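Trainee: I'd like to ask you about the structure that follows.
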Amino acid sequence: MISKIRSFQDTWLVKGILLLTALSFMSLFGISGYISQSGANRPIVRVDNIEITQDEINHQLNEQISLARKFLGDETEISDTTRNAMLQEIVQNNLVNAIMQKTAEDNSVVISNELIRKIIYSQPEFMNASGQFDLDKMRRILSLSGNSEAKYIAALKRDIIKQHLVQTPVMNMPLATVMDPYLAQVDSQRKIFEYVVIDPNNLKIDRKISEEELQQYYQDFAPQFEEAESRDISFVEFSIDKLSQKISPSDEDIAAYYQENIDSFVVPENRYILQMVFQDKDTADKAEAALNAGGDFFKVAKDIAKQDRTSTDLGNVSQDMLIGDLAEAVFALKKGDYTSPIKTGMGWHIMKVITITPKKETTLAAAKAKIIADIQKELAYDQAQEVMAEIEDKIGAGATFEEIAKEYNANISKVAGLKEDGSAKSVTPTFKNLVSSSDFVETAFSYNQGEVSQVMETDMGFAILKIEKINDAHQKDISKVRNEIEKMWAESEKSAIAQEIVNDVSHDLEEGDKFADVARRFELSLKTTSPLKRGEAFAKLNPSQLNDIYHEKIGNPRIIATDKKIIIVMPSKIVRGKSSVSAEKIDALRAKAKAEISQELANDLIDAYASNYKVRVKYKYLGL
């Protein structure tokens with residue numbers, strides 16, 4: 001079960017988009033309990049009474065896609081291949097988690113909140129500069145990763161259960177020292193491969209498609225030749241910017257806005273600070289003495305406070321960012337000075353000022369243009385809501401699309417042949433992004449011909465649409481798709497010819513013919529590799545394919561499809577490696593072998609746990 005669903009787990013994006021492992025402090029810190037709710041949808045994964053629904057799987061997929069775009073950019077394209085890989089990984093994780101949960105329940109494996117609390121309290125990334133656990137910092141880190149406290153705790157418990165049920169039993173598997181020479185020999189041995197590449201694109205077809213075949217393709221692949229439904233739309237977009245330009249705030253309004261938002265126009269004094277923190281005054285006094293003797297602040301912090309450079313460097317801070325006593329003392333210092341030890345609830349502090357950035361204030365006169373723009377935008381949004389409500393009422397009262405456009409002095413724009421994928425036969429370039437947006441397309445396909453839509457918000461303001469014409473889906477005329485059919489037929493013919501060649505070559509090799517003779521017979525170019533170590537690439541084979549053929553016996557042909565080509569490859573010779581290597585190399589080889597054996601045993605152990613339950617996985621509900 002587990003081994004059959006790993007085909008996409010090496011995909012770079014799937015491995016690169018890793019949500020932080022994690023769990024909820026809601027119960028650990030006295031906050032209300034976390035209740036998971038899932039949509040009542042068809043189950044994708046079922047392990048006895050444990051079900052993971054379609055909604056849950058899709059929710060996890062959307063989270064991963066969102067996180068991918070957060071780190072890689074909002075414009076990141078998620079291809080079908082990547083999406084399927086992500087779904088495969090999500091389904092696999094959910095399946096293993098369900099098996100582990102069921103096994104833990106049946107074997108009374110319980111992870112206490114106290115253990116979870118101790119683990120979380122010990123995580124370095126959740127500690128502040130004083131080495132104390134910081135709940136706010138933990139929450140910020142989880143938030144940045146798109147995670148929640150609840151999921152963090154749940155995932156941590158799952159990891160501990162896996163450690164107990166799977167990882168611990170298979171760790172430290174014995175590997176006899178008598179195997180050392182063989183490990184060295186296998187690692188250093190090389191193999192020579194012979195192979196031919198059969199590219200269907202380079203094959204010739206000695207006939208043309210018949211009219212009967214053309215008609216048959218046209219019928220058999222009818223959905224592929226269908227012209228999707230499209231719509232001709234008239235629309236009006238009301239711009240917030242245009243509304244704002246008509247607003248002229250008074251001097252009184254501008255002055256009031258300035259006072260109400262004075263913090264936005266004043267940058268307080270900032271100081272670049274270094275700090276040392278001690279648990280007792282004696283050690284703090286010792287550090288102060290070292291500084292008084294001319295010691296470097298970072299060196300004293302390292303030697304006496306036992307702090308690294310990151311912990312010592314606080315960076316730029318304003319006065320309100322420091323605790324009361326510290327704030328007053330630090331902001332009374334001159335540049336380059338440091339405080340005597342100051343006691344707070346966290347210990348004894350010595351603070352040093354490196355640089356001082358004076359307070360900066362933008363005057364009303366200098367800020368006036370920005371204030372006017374801000375007021376205009378705020379009032380324009382309020383006005384827009386009123387206009388939207390007015391238009392909604394007029395539509396409800398029976399006003400026509402043209403009457404509304406005329407009353408509000410708005411230009412009517414048009415898009416012809418809009419399809420559900422956002423493409424269109426013709427549209428003004430200015431409105432291309434608007435017309436292809438999901439909201440516009442959804443609105444356009446939610447009304448019947450002749451109807452006017454409700455008001456729809458856009459990036460620039462809001463809009464209303466009128467459905468001028470619905471062009472129903474229909475099959476394209478055969479004359480318009482003839483070239484497409486001929487191309488499909490040619491590809492099919494070439495693939496059939498290629499398969500015949502593959503079958504004949506494989507048959508002759510199995511009969512004992514030499515590879516060179518068979519290649520010559522079928523006019524194929526036989527290639528021979530240099531002696532290759534395990535994993536060394538050739539013929540654009542991927543790591544999995546290389547691993548498979550490396551384990552193939554000498555003289556056994558293997559057929560591999562890659563990049564629309566077919567490769568017939570056969571190991572032809574083994575070049576023996578050294579059986580004697582350094583002790584360091586042996587240690588590395590033993591560690592690698594143990595890791596590979598442990599992974600296989602872990603997979604087998606999970607399969608063994610799964611065999612105790614009724615396990616079902618419904619990929620088809622996910623479109624896989």
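Ligands are numbered from 1 in the order shown, chains are lettered A, B, ... in the order of the structure tokens, and residues start at 1 in each chain.
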DSSP on the backbone: which residues in stretch 420-558 of chain A end up as alpha helix (DSSP H)? Give the answer as a PDB file with N, CA, C and O atoms, in the first residue's frame.
Mentor:
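Writing the result to part_4.pdb gives the following:
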ATOM      1  N   LYS A 432      -8.314  43.677 -20.188  1.00  0.00           N
ATOM      2  CA  LYS A 432      -7.978  42.248 -20.331  1.00  0.00           C
ATOM      3  C   LYS A 432      -7.888  41.545 -18.978  1.00  0.00           C
ATOM      4  O   LYS A 432      -8.425  40.451 -18.795  1.00  0.00           O
ATOM      5  N   ASN A 433      -7.213  42.168 -18.014  1.00  0.00           N
ATOM      6  CA  ASN A 433      -7.080  41.548 -16.689  1.00  0.00           C
ATOM      7  C   ASN A 433      -8.416  41.448 -15.982  1.00  0.00           C
ATOM      8  O   ASN A 433      -8.715  40.447 -15.322  1.00  0.00           O
ATOM      9  N   LEU A 434      -9.238  42.491 -16.100  1.00  0.00           N
ATOM     10  CA  LEU A 434     -10.558  42.468 -15.467  1.00  0.00           C
ATOM     11  C   LEU A 434     -11.405  41.344 -16.047  1.00  0.00           C
ATOM     12  O   LEU A 434     -11.994  40.536 -15.312  1.00  0.00           O
ATOM     13  N   VAL A 435     -11.461  41.260 -17.376  1.00  0.00           N
ATOM     14  CA  VAL A 435     -12.328  40.284 -18.048  1.00  0.00           C
ATOM     15  C   VAL A 435     -11.899  38.850 -17.768  1.00  0.00           C
ATOM     16  O   VAL A 435     -12.732  37.944 -17.665  1.00  0.00           O
ATOM     17  N   SER A 436     -10.595  38.617 -17.606  1.00  0.00           N
ATOM     18  CA  SER A 436     -10.107  37.248 -17.373  1.00  0.00           C
ATOM     19  C   SER A 436     -10.125  36.857 -15.901  1.00  0.00           C
ATOM     20  O   SER A 436      -9.815  35.713 -15.559  1.00  0.00           O
ATOM     21  N   SER A 438     -11.410  35.707 -12.210  1.00  0.00           N
ATOM     22  CA  SER A 438     -12.381  34.667 -11.852  1.00  0.00           C
ATOM     23  C   SER A 438     -13.737  35.268 -11.482  1.00  0.00           C
ATOM     24  O   SER A 438     -14.780  34.697 -11.812  1.00  0.00           O
ATOM     25  N   ASP A 439     -13.749  36.435 -10.820  1.00  0.00           N
ATOM     26  CA  ASP A 439     -15.016  37.061 -10.433  1.00  0.00           C
ATOM     27  C   ASP A 439     -15.820  37.493 -11.649  1.00  0.00           C
ATOM     28  O   ASP A 439     -17.040  37.306 -11.710  1.00  0.00           O
ATOM     29  N   PHE A 440     -15.132  38.086 -12.634  1.00  0.00           N
ATOM     30  CA  PHE A 440     -15.822  38.543 -13.842  1.00  0.00           C
ATOM     31  C   PHE A 440     -16.396  37.348 -14.600  1.00  0.00           C
ATOM     32  O   PHE A 440     -17.556  37.363 -15.022  1.00  0.00           O
ATOM     33  N   VAL A 441     -15.571  36.306 -14.778  1.00  0.00           N
ATOM     34  CA  VAL A 441     -16.022  35.127 -15.532  1.00  0.00           C
ATOM     35  C   VAL A 441     -17.184  34.450 -14.810  1.00  0.00           C
ATOM     36  O   VAL A 441     -18.187  34.062 -15.437  1.00  0.00           O
ATOM     37  N   GLU A 442     -17.069  34.304 -13.498  1.00  0.00           N
ATOM     38  CA  GLU A 442     -18.140  33.663 -12.731  1.00  0.00           C
ATOM     39  C   GLU A 442     -19.440  34.452 -12.854  1.00  0.00           C
ATOM     40  O   GLU A 442     -20.509  33.870 -13.040  1.00  0.00           O
ATOM     41  N   THR A 443     -19.342  35.776 -12.782  1.00  0.00           N
ATOM     42  CA  THR A 443     -20.538  36.608 -12.927  1.00  0.00           C
ATOM     43  C   THR A 443     -21.114  36.480 -14.337  1.00  0.00           C
ATOM     44  O   THR A 443     -22.339  36.348 -14.513  1.00  0.00           O
ATOM     45  N   ALA A 444     -20.247  36.516 -15.337  1.00  0.00           N
ATOM     46  CA  ALA A 444     -20.700  36.440 -16.730  1.00  0.00           C
ATOM     47  C   ALA A 444     -21.443  35.145 -17.031  1.00  0.00           C
ATOM     48  O   ALA A 444     -22.370  35.127 -17.848  1.00  0.00           O
ATOM     49  N   ILE A 478     -15.707  19.556 -39.283  1.00  0.00           N
ATOM     50  CA  ILE A 478     -14.554  18.681 -39.518  1.00  0.00           C
ATOM     51  C   ILE A 478     -13.476  19.355 -40.357  1.00  0.00           C
ATOM     52  O   ILE A 478     -12.277  19.099 -40.189  1.00  0.00           O
ATOM     53  N   SER A 479     -13.883  20.272 -41.229  1.00  0.00           N
ATOM     54  CA  SER A 479     -12.905  20.963 -42.074  1.00  0.00           C
ATOM     55  C   SER A 479     -11.977  21.849 -41.253  1.00  0.00           C
ATOM     56  O   SER A 479     -10.820  22.079 -41.630  1.00  0.00           O
ATOM     57  N   LYS A 480     -12.474  22.344 -40.096  1.00  0.00           N
ATOM     58  CA  LYS A 480     -11.673  23.227 -39.255  1.00  0.00           C
ATOM     59  C   LYS A 480     -10.708  22.467 -38.355  1.00  0.00           C
ATOM     60  O   LYS A 480      -9.768  23.077 -37.815  1.00  0.00           O
ATOM     61  N   VAL A 481     -10.951  21.175 -38.183  1.00  0.00           N
ATOM     62  CA  VAL A 481     -10.080  20.394 -37.295  1.00  0.00           C
ATOM     63  C   VAL A 481      -9.329  19.306 -38.055  1.00  0.00           C
ATOM     64  O   VAL A 481      -8.701  18.450 -37.450  1.00  0.00           O
ATOM     65  N   ARG A 482      -9.390  19.358 -39.371  1.00  0.00           N
ATOM     66  CA  ARG A 482      -8.748  18.325 -40.171  1.00  0.00           C
ATOM     67  C   ARG A 482      -7.254  18.226 -39.863  1.00  0.00           C
ATOM     68  O   ARG A 482      -6.713  17.132 -39.666  1.00  0.00           O
ATOM     69  N   ASN A 483      -6.568  19.374 -39.815  1.00  0.00           N
ATOM     70  CA  ASN A 483      -5.120  19.349 -39.537  1.00  0.00           C
ATOM     71  C   ASN A 483      -4.834  18.753 -38.162  1.00  0.00           C
ATOM     72  O   ASN A 483      -3.863  18.008 -37.979  1.00  0.00           O
ATOM     73  N   GLU A 484      -5.682  19.097 -37.178  1.00  0.00           N
ATOM     74  CA  GLU A 484      -5.507  18.567 -35.825  1.00  0.00           C
ATOM     75  C   GLU A 484      -5.679  17.050 -35.812  1.00  0.00           C
ATOM     76  O   GLU A 484      -4.919  16.321 -35.167  1.00  0.00           O
ATOM     77  N   ILE A 485      -6.679  16.554 -36.561  1.00  0.00           N
ATOM     78  CA  ILE A 485      -6.924  15.107 -36.631  1.00  0.00           C
ATOM     79  C   ILE A 485      -5.751  14.403 -37.322  1.00  0.00           C
ATOM     80  O   ILE A 485      -5.283  13.349 -36.868  1.00  0.00           O
ATOM     81  N   GLU A 486      -5.276  15.004 -38.414  1.00  0.00           N
ATOM     82  CA  GLU A 486      -4.160  14.392 -39.145  1.00  0.00           C
ATOM     83  C   GLU A 486      -2.911  14.299 -38.266  1.00  0.00           C
ATOM     84  O   GLU A 486      -2.168  13.307 -38.318  1.00  0.00           O
ATOM     85  N   LYS A 487      -2.703  15.325 -37.440  1.00  0.00           N
ATOM     86  CA  LYS A 487      -1.555  15.309 -36.528  1.00  0.00           C
ATOM     87  C   LYS A 487      -1.719  14.211 -35.482  1.00  0.00           C
ATOM     88  O   LYS A 487      -0.765  13.472 -35.179  1.00  0.00           O
ATOM     89  N   MET A 488      -2.925  14.078 -34.908  1.00  0.00           N
ATOM     90  CA  MET A 488      -3.193  13.018 -33.928  1.00  0.00           C
ATOM     91  C   MET A 488      -2.981  11.645 -34.554  1.00  0.00           C
ATOM     92  O   MET A 488      -2.373  10.760 -33.945  1.00  0.00           O
ATOM     93  N   TRP A 489      -3.500  11.473 -35.759  1.00  0.00           N
ATOM     94  CA  TRP A 489      -3.380  10.179 -36.445  1.00  0.00           C
ATOM     95  C   TRP A 489      -1.904   9.844 -36.705  1.00  0.00           C
ATOM     96  O   TRP A 489      -1.463   8.711 -36.483  1.00  0.00           O
ATOM     97  N   ALA A 490      -1.139  10.856 -37.162  1.00  0.00           N
ATOM     98  CA  ALA A 490       0.281  10.626 -37.459  1.00  0.00           C
ATOM     99  C   ALA A 490       1.038  10.223 -36.203  1.00  0.00           C
ATOM    100  O   ALA A 490       1.880   9.310 -36.236  1.00  0.00           O
ATOM    101  N   GLU A 491       0.750  10.890 -35.087  1.00  0.00           N
ATOM    102  CA  GLU A 491       1.410  10.541 -33.827  1.00  0.00           C
ATOM    103  C   GLU A 491       1.070   9.118 -33.410  1.00  0.00           C
ATOM    104  O   GLU A 491       1.925   8.374 -32.925  1.00  0.00           O
ATOM    105  N   SER A 492      -0.198   8.746 -33.597  1.00  0.00           N
ATOM    106  CA  SER A 492      -0.622   7.388 -33.253  1.00  0.00           C
ATOM    107  C   SER A 492       0.061   6.349 -34.139  1.00  0.00           C
ATOM    108  O   SER A 492       0.509   5.299 -33.659  1.00  0.00           O
ATOM    109  N   GLU A 493       0.155   6.651 -35.432  1.00  0.00           N
ATOM    110  CA  GLU A 493       0.804   5.734 -36.361  1.00  0.00           C
ATOM    111  C   GLU A 493       2.287   5.551 -36.020  1.00  0.00           C
ATOM    112  O   GLU A 493       2.808   4.437 -35.993  1.00  0.00           O
ATOM    113  N   LYS A 494       2.948   6.663 -35.731  1.00  0.00           N
ATOM    114  CA  LYS A 494       4.368   6.592 -35.394  1.00  0.00           C
ATOM    115  C   LYS A 494       4.585   5.826 -34.089  1.00  0.00           C
ATOM    116  O   LYS A 494       5.547   5.067 -33.954  1.00  0.00           O
ATOM    117  N   SER A 495       3.687   6.027 -33.132  1.00  0.00           N
ATOM    118  CA  SER A 495       3.801   5.290 -31.866  1.00  0.00           C
ATOM    119  C   SER A 495       3.617   3.799 -32.090  1.00  0.00           C
ATOM    120  O   SER A 495       4.310   2.976 -31.478  1.00  0.00           O
ATOM    121  N   ALA A 496       2.687   3.442 -32.979  1.00  0.00           N
ATOM    122  CA  ALA A 496       2.456   2.021 -33.280  1.00  0.00           C
ATOM    123  C   ALA A 496       3.682   1.407 -33.958  1.00  0.00           C
ATOM    124  O   ALA A 496       4.093   0.280 -33.646  1.00  0.00           O
ATOM    125  N   ILE A 497       4.281   2.155 -34.908  1.00  0.00           N
ATOM    126  CA  ILE A 497       5.476   1.661 -35.589  1.00  0.00           C
ATOM    127  C   ILE A 497       6.614   1.495 -34.584  1.00  0.00           C
ATOM    128  O   ILE A 497       7.347   0.485 -34.595  1.00  0.00           O
ATOM    129  N   ALA A 498       6.766   2.497 -33.692  1.00  0.00           N
ATOM    130  CA  ALA A 498       7.817   2.430 -32.669  1.00  0.00           C
ATOM    131  C   ALA A 498       7.623   1.223 -31.771  1.00  0.00           C
ATOM    132  O   ALA A 498       8.590   0.526 -31.417  1.00  0.00           O
ATOM    133  N   GLN A 499       6.371   0.946 -31.399  1.00  0.00           N
ATOM    134  CA  GLN A 499       6.102  -0.198 -30.527  1.00  0.00           C
ATOM    135  C   GLN A 499       6.425  -1.514 -31.226  1.00  0.00           C
ATOM    136  O   GLN A 499       6.931  -2.460 -30.593  1.00  0.00           O
ATOM    137  N   GLU A 500       6.159  -1.580 -32.513  1.00  0.00           N
ATOM    138  CA  GLU A 500       6.509  -2.790 -33.278  1.00  0.00           C
ATOM    139  C   GLU A 500       8.022  -3.008 -33.254  1.00  0.00           C
ATOM    140  O   GLU A 500       8.495  -4.136 -33.081  1.00  0.00           O
ATOM    141  N   ILE A 501       8.760  -1.925 -33.445  1.00  0.00           N
ATOM    142  CA  ILE A 501      10.229  -2.028 -33.423  1.00  0.00           C
ATOM    143  C   ILE A 501      10.698  -2.485 -32.047  1.00  0.00           C
ATOM    144  O   ILE A 501      11.570  -3.360 -31.920  1.00  0.00           O
ATOM    145  N   VAL A 502      10.124  -1.901 -30.991  1.00  0.00           N
ATOM    146  CA  VAL A 502      10.498  -2.282 -29.627  1.00  0.00           C
ATOM    147  C   VAL A 502      10.232  -3.767 -29.409  1.00  0.00           C
ATOM    148  O   VAL A 502      11.075  -4.495 -28.851  1.00  0.00           O
ATOM    149  N   ASN A 503       9.051  -4.231 -29.833  1.00  0.00           N
ATOM    150  CA  ASN A 503       8.699  -5.649 -29.653  1.00  0.00           C
ATOM    151  C   ASN A 503       9.672  -6.565 -30.397  1.00  0.00           C
ATOM    152  O   ASN A 503      10.118  -7.594 -29.860  1.00  0.00           O
ATOM    153  N   ASP A 504      10.010  -6.180 -31.629  1.00  0.00           N
ATOM    154  CA  ASP A 504      10.907  -7.022 -32.434  1.00  0.00           C
ATOM    155  C   ASP A 504      12.324  -7.044 -31.848  1.00  0.00           C
ATOM    156  O   ASP A 504      12.964  -8.102 -31.776  1.00  0.00           O
ATOM    157  N   VAL A 505      12.801  -5.855 -31.427  1.00  0.00           N
ATOM    158  CA  VAL A 505      14.144  -5.788 -30.834  1.00  0.00           C
ATOM    159  C   VAL A 505      14.191  -6.612 -29.552  1.00  0.00           C
ATOM    160  O   VAL A 505      15.135  -7.384 -29.317  1.00  0.00           O
ATOM    161  N   SER A 506      13.186  -6.462 -28.705  1.00  0.00           N
ATOM    162  CA  SER A 506      13.147  -7.207 -27.444  1.00  0.00           C
ATOM    163  C   SER A 506      13.111  -8.706 -27.695  1.00  0.00           C
ATOM    164  O   SER A 506      13.796  -9.483 -27.012  1.00  0.00           O
ATOM    165  N   HIS A 507      12.322  -9.119 -28.689  1.00  0.00           N
ATOM    166  CA  HIS A 507      12.231 -10.556 -29.017  1.00  0.00           C
ATOM    167  C   HIS A 507      13.586 -11.106 -29.448  1.00  0.00           C
ATOM    168  O   HIS A 507      14.022 -12.172 -28.972  1.00  0.00           O
ATOM    169  N   ASP A 508      14.256 -10.368 -30.328  1.00  0.00           N
ATOM    170  CA  ASP A 508      15.538 -10.857 -30.835  1.00  0.00           C
ATOM    171  C   ASP A 508      16.594 -10.908 -29.730  1.00  0.00           C
ATOM    172  O   ASP A 508      17.419 -11.843 -29.690  1.00  0.00           O
ATOM    173  N   LEU A 509      16.579  -9.943 -28.835  1.00  0.00           N
ATOM    174  CA  LEU A 509      17.532  -9.955 -27.720  1.00  0.00           C
ATOM    175  C   LEU A 509      17.262 -11.117 -26.785  1.00  0.00           C
ATOM    176  O   LEU A 509      18.189 -11.770 -26.292  1.00  0.00           O
ATOM    177  N   GLU A 510      15.969 -11.392 -26.549  1.00  0.00           N
ATOM    178  CA  GLU A 510      15.618 -12.516 -25.680  1.00  0.00           C
ATOM    179  C   GLU A 510      15.978 -13.851 -26.312  1.00  0.00           C
ATOM    180  O   GLU A 510      16.221 -14.837 -25.602  1.00  0.00           O
ATOM    181  N   PHE A 515      23.351  -7.511 -29.221  1.00  0.00           N
ATOM    182  CA  PHE A 515      22.709  -6.199 -29.299  1.00  0.00           C
ATOM    183  C   PHE A 515      23.164  -5.456 -30.558  1.00  0.00           C
ATOM    184  O   PHE A 515      22.382  -4.789 -31.236  1.00  0.00           O
ATOM    185  N   ALA A 516      24.458  -5.544 -30.871  1.00  0.00           N
ATOM    186  CA  ALA A 516      24.988  -4.843 -32.042  1.00  0.00           C
ATOM    187  C   ALA A 516      24.328  -5.335 -33.322  1.00  0.00           C
ATOM    188  O   ALA A 516      23.989  -4.538 -34.212  1.00  0.00           O
ATOM    189  N   ASP A 517      24.112  -6.657 -33.440  1.00  0.00           N
ATOM    190  CA  ASP A 517      23.481  -7.216 -34.634  1.00  0.00           C
ATOM    191  C   ASP A 517      22.021  -6.774 -34.740  1.00  0.00           C
ATOM    192  O   ASP A 517      21.533  -6.435 -35.829  1.00  0.00           O
ATOM    193  N   VAL A 518      21.324  -6.783 -33.610  1.00  0.00           N
ATOM    194  CA  VAL A 518      19.907  -6.394 -33.619  1.00  0.00           C
ATOM    195  C   VAL A 518      19.777  -4.918 -33.992  1.00  0.00           C
ATOM    196  O   VAL A 518      18.918  -4.534 -34.794  1.00  0.00           O
ATOM    197  N   ALA A 519      20.621  -4.083 -33.433  1.00  0.00           N
ATOM    198  CA  ALA A 519      20.562  -2.653 -33.736  1.00  0.00           C
ATOM    199  C   ALA A 519      20.810  -2.409 -35.217  1.00  0.00           C
ATOM    200  O   ALA A 519      20.123  -1.592 -35.854  1.00  0.00           O
ATOM    201  N   ARG A 520      21.787  -3.115 -35.782  1.00  0.00           N
ATOM    202  CA  ARG A 520      22.101  -2.964 -37.207  1.00  0.00           C
ATOM    203  C   ARG A 520      20.923  -3.410 -38.071  1.00  0.00           C
ATOM    204  O   ARG A 520      20.581  -2.780 -39.080  1.00  0.00           O
ATOM    205  N   ARG A 521      20.266  -4.481 -37.652  1.00  0.00           N
ATOM    206  CA  ARG A 521      19.131  -5.036 -38.394  1.00  0.00           C
ATOM    207  C   ARG A 521      17.990  -4.035 -38.509  1.00  0.00           C
ATOM    208  O   ARG A 521      17.319  -3.957 -39.539  1.00  0.00           O
ATOM    209  N   PRO A 543      16.627   9.558 -11.764  1.00  0.00           N
ATOM    210  CA  PRO A 543      17.284   8.743 -10.722  1.00  0.00           C
ATOM    211  C   PRO A 543      16.608   7.407 -10.480  1.00  0.00           C
ATOM    212  O   PRO A 543      17.284   6.392 -10.259  1.00  0.00           O
ATOM    213  N   SER A 544      15.276   7.382 -10.507  1.00  0.00           N
ATOM    214  CA  SER A 544      14.567   6.125 -10.270  1.00  0.00           C
ATOM    215  C   SER A 544      14.853   5.115 -11.373  1.00  0.00           C
ATOM    216  O   SER A 544      15.084   3.926 -11.115  1.00  0.00           O
ATOM    217  N   GLN A 545      14.840   5.576 -12.619  1.00  0.00           N
ATOM    218  CA  GLN A 545      15.117   4.686 -13.752  1.00  0.00           C
ATOM    219  C   GLN A 545      16.567   4.199 -13.717  1.00  0.00           C
ATOM    220  O   GLN A 545      16.847   3.020 -13.973  1.00  0.00           O
ATOM    221  N   LEU A 546      17.489   5.103 -13.380  1.00  0.00           N
ATOM    222  CA  LEU A 546      18.897   4.712 -13.287  1.00  0.00           C
ATOM    223  C   LEU A 546      19.098   3.647 -12.210  1.00  0.00           C
ATOM    224  O   LEU A 546      19.857   2.689 -12.399  1.00  0.00           O
ATOM    225  N   ASN A 547      18.416   3.815 -11.096  1.00  0.00           N
ATOM    226  CA  ASN A 547      18.532   2.851 -10.007  1.00  0.00           C
ATOM    227  C   ASN A 547      18.014   1.479 -10.433  1.00  0.00           C
ATOM    228  O   ASN A 547      18.615   0.441 -10.130  1.00  0.00           O
ATOM    229  N   ASP A 548      16.894   1.476 -11.169  1.00  0.00           N
ATOM    230  CA  ASP A 548      16.304   0.201 -11.618  1.00  0.00           C
ATOM    231  C   ASP A 548      17.235  -0.543 -12.563  1.00  0.00           C
ATOM    232  O   ASP A 548      17.455  -1.751 -12.410  1.00  0.00           O
ATOM    233  N   ILE A 549      17.762   0.166 -13.559  1.00  0.00           N
ATOM    234  CA  ILE A 549      18.586  -0.546 -14.546  1.00  0.00           C
ATOM    235  C   ILE A 549      19.936  -0.936 -13.956  1.00  0.00           C
ATOM    236  O   ILE A 549      20.561  -1.899 -14.422  1.00  0.00           O
ATOM    237  N   TYR A 550      20.401  -0.212 -12.936  1.00  0.00           N
ATOM    238  CA  TYR A 550      21.677  -0.576 -12.323  1.00  0.00           C
ATOM    239  C   TYR A 550      21.558  -1.920 -11.605  1.00  0.00           C
ATOM    240  O   TYR A 550      22.535  -2.669 -11.508  1.00  0.00           O
TER     241      TYR A 550
END
Trainee: Could you list, with a cut-off of 9 Å and counting only C-alpha atoms, the residues of stretch 146-186 of chain A near stretch 130-139 of chain A, each shown with its nearest atom pair and the distance in Å rounded to one decimal, rows sorted by chain and ascending number, as a Markdown table?
Mentor:
| residue | atom | partner | partner_atom | distance |
| --- | --- | --- | --- | --- |
| A:Asn147 | CA | A:Arg139 | CA | 9.0 |
| A:Ser148 | CA | A:Arg139 | CA | 7.8 |
| A:Glu149 | CA | A:Arg139 | CA | 7.2 |
Trainee: Need the shell around stretch 258-268 of chain A: protein/DNA/RNA residues with any atom at most 7 Å away, counting only C-alpha atoms. Skip same-chain ones fewer than 3 positions apart. Format as a PyMOL selection string?
Mentor: chain A and resi 254-255+318+359-362+364
Trainee: Excluding stretch 457-474 of chain A and its own-chain neighbours fewer than 2 positions away, which residues fall within 7 Å of it when counting only C-alpha atoms? Please give them as a ChimeraX atom specification.
Mentor: /A:226-240,401,444,447-455,476
Trainee: With only C-alpha atoms as the counted atoms, please give the residues lying no more than 9 Å from A:Ile404, apart from itself and same-chain residues fewer than 6 positions off, as a PyMOL selection string.
Mentor: chain A and resi 391+394-395+410
Trainee: Of the candidates A:Gln599, A:Thr177, A:Ser572, A:Thr528, which shows the shortest atom-to-atom distance to A:Tyr195, using only C-alpha atoms?
Mentor: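 Of all the options, A:Thr528 lies closest to A:Tyr195.
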Trainee: Restricting the calculation to only C-alpha atoms: of A:Asp253, A:Glu51, A:Asp337, A:Glu213, which residue gets closest to A:Tyr272?
Mentor: A:Asp337
Trainee: May I have all residues of stretch 245-351 of chain A that DSSP, computed from the backbone, assigns to strand (DSSP E or B), given as a list in words?
Mentor: Val266, Val267, Asn270, Arg271, Tyr272, Ile273, Leu274, Gln275, Met276, Val277, Phe278, Asp313, Leu314, Gly315, Asn316, Val317, Ser318, Tyr338, Ile342, Lys343, Thr344, Gly347, Trp348, His349, Ile350 and Met351 of chain A
Trainee: Tell me which of A:Lys377, A:Lys191, A:Lys162, A:Arg69 sits closest to A:Ile554, counting only C-alpha atoms.
Mentor: A:Lys191
Trainee: Which one of A:Leu532, A:Leu142, A:Lys157, A:Leu95 sits closest to A:Asn113 if you count only C-alpha atoms?
Mentor: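 Under the stated criterion, the closest residue is A:Lys157.
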Trainee: Write out as a list in words each polymer residue whose atoms come within 12 Å of A:Glu105, counting only C-alpha atoms; drop sequence neighbours fewer than 4 positions from it.
Mentor: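 Near neighbours after the sequence-gap exclusion: Asn49, Ile50, Ala98, Ile99, Met100, Gln101, Val109, Val110, Ile111, Ile161 and Leu165 of chain A.
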Trainee: Suppose we keep C-alpha atoms; can you now write the selection as a tab-separated table (two decimals), in the first residue's frame?
Mentor:
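Output (part29.tsv):
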chain	number	residue	atom	x	y	z
A	49	ASN	CA	-13.55	4.05	11.32
A	50	ILE	CA	-11.09	6.88	10.57
A	98	ALA	CA	-4.56	7.48	9.85
A	99	ILE	CA	-2.77	4.11	10.11
A	100	MET	CA	-0.57	5.48	12.90
A	101	GLN	CA	-3.57	6.96	14.73
A	109	VAL	CA	-0.18	4.84	22.94
A	110	VAL	CA	-1.01	8.24	24.47
A	111	ILE	CA	1.05	11.43	24.21
A	161	ILE	CA	3.69	8.42	17.71
A	165	LEU	CA	5.72	2.89	16.53
Trainee: Could you name the residues that touch A:Val317 at 8 Å or less, counting only C-alpha atoms, but leaving out those on the same chain fewer than 2 positions away, as a ChimeraX atom specification?
Mentor: /A:270-273,314-315,319,321-322
Trainee: Each residue of stretch 552-575 of chain A lying at most 12 Å from stretch 200-204 of chain A should get a row with its shortest atom-to-atom pair and the distance in Å to one decimal, counting only C-alpha atoms; could you produce that, ordered by chain and increasing number, as CSV?
Mentor:
residue,atom,partner,partner_atom,distance
A:Ala561,CA,A:Pro200,CA,11.3
A:Thr562,CA,A:Pro200,CA,11.7
A:Asp563,CA,A:Pro200,CA,10.8
A:Lys564,CA,A:Pro200,CA,7.6
A:Lys565,CA,A:Pro200,CA,6.7
A:Ile566,CA,A:Pro200,CA,8.2
A:Ile567,CA,A:Pro200,CA,11.3
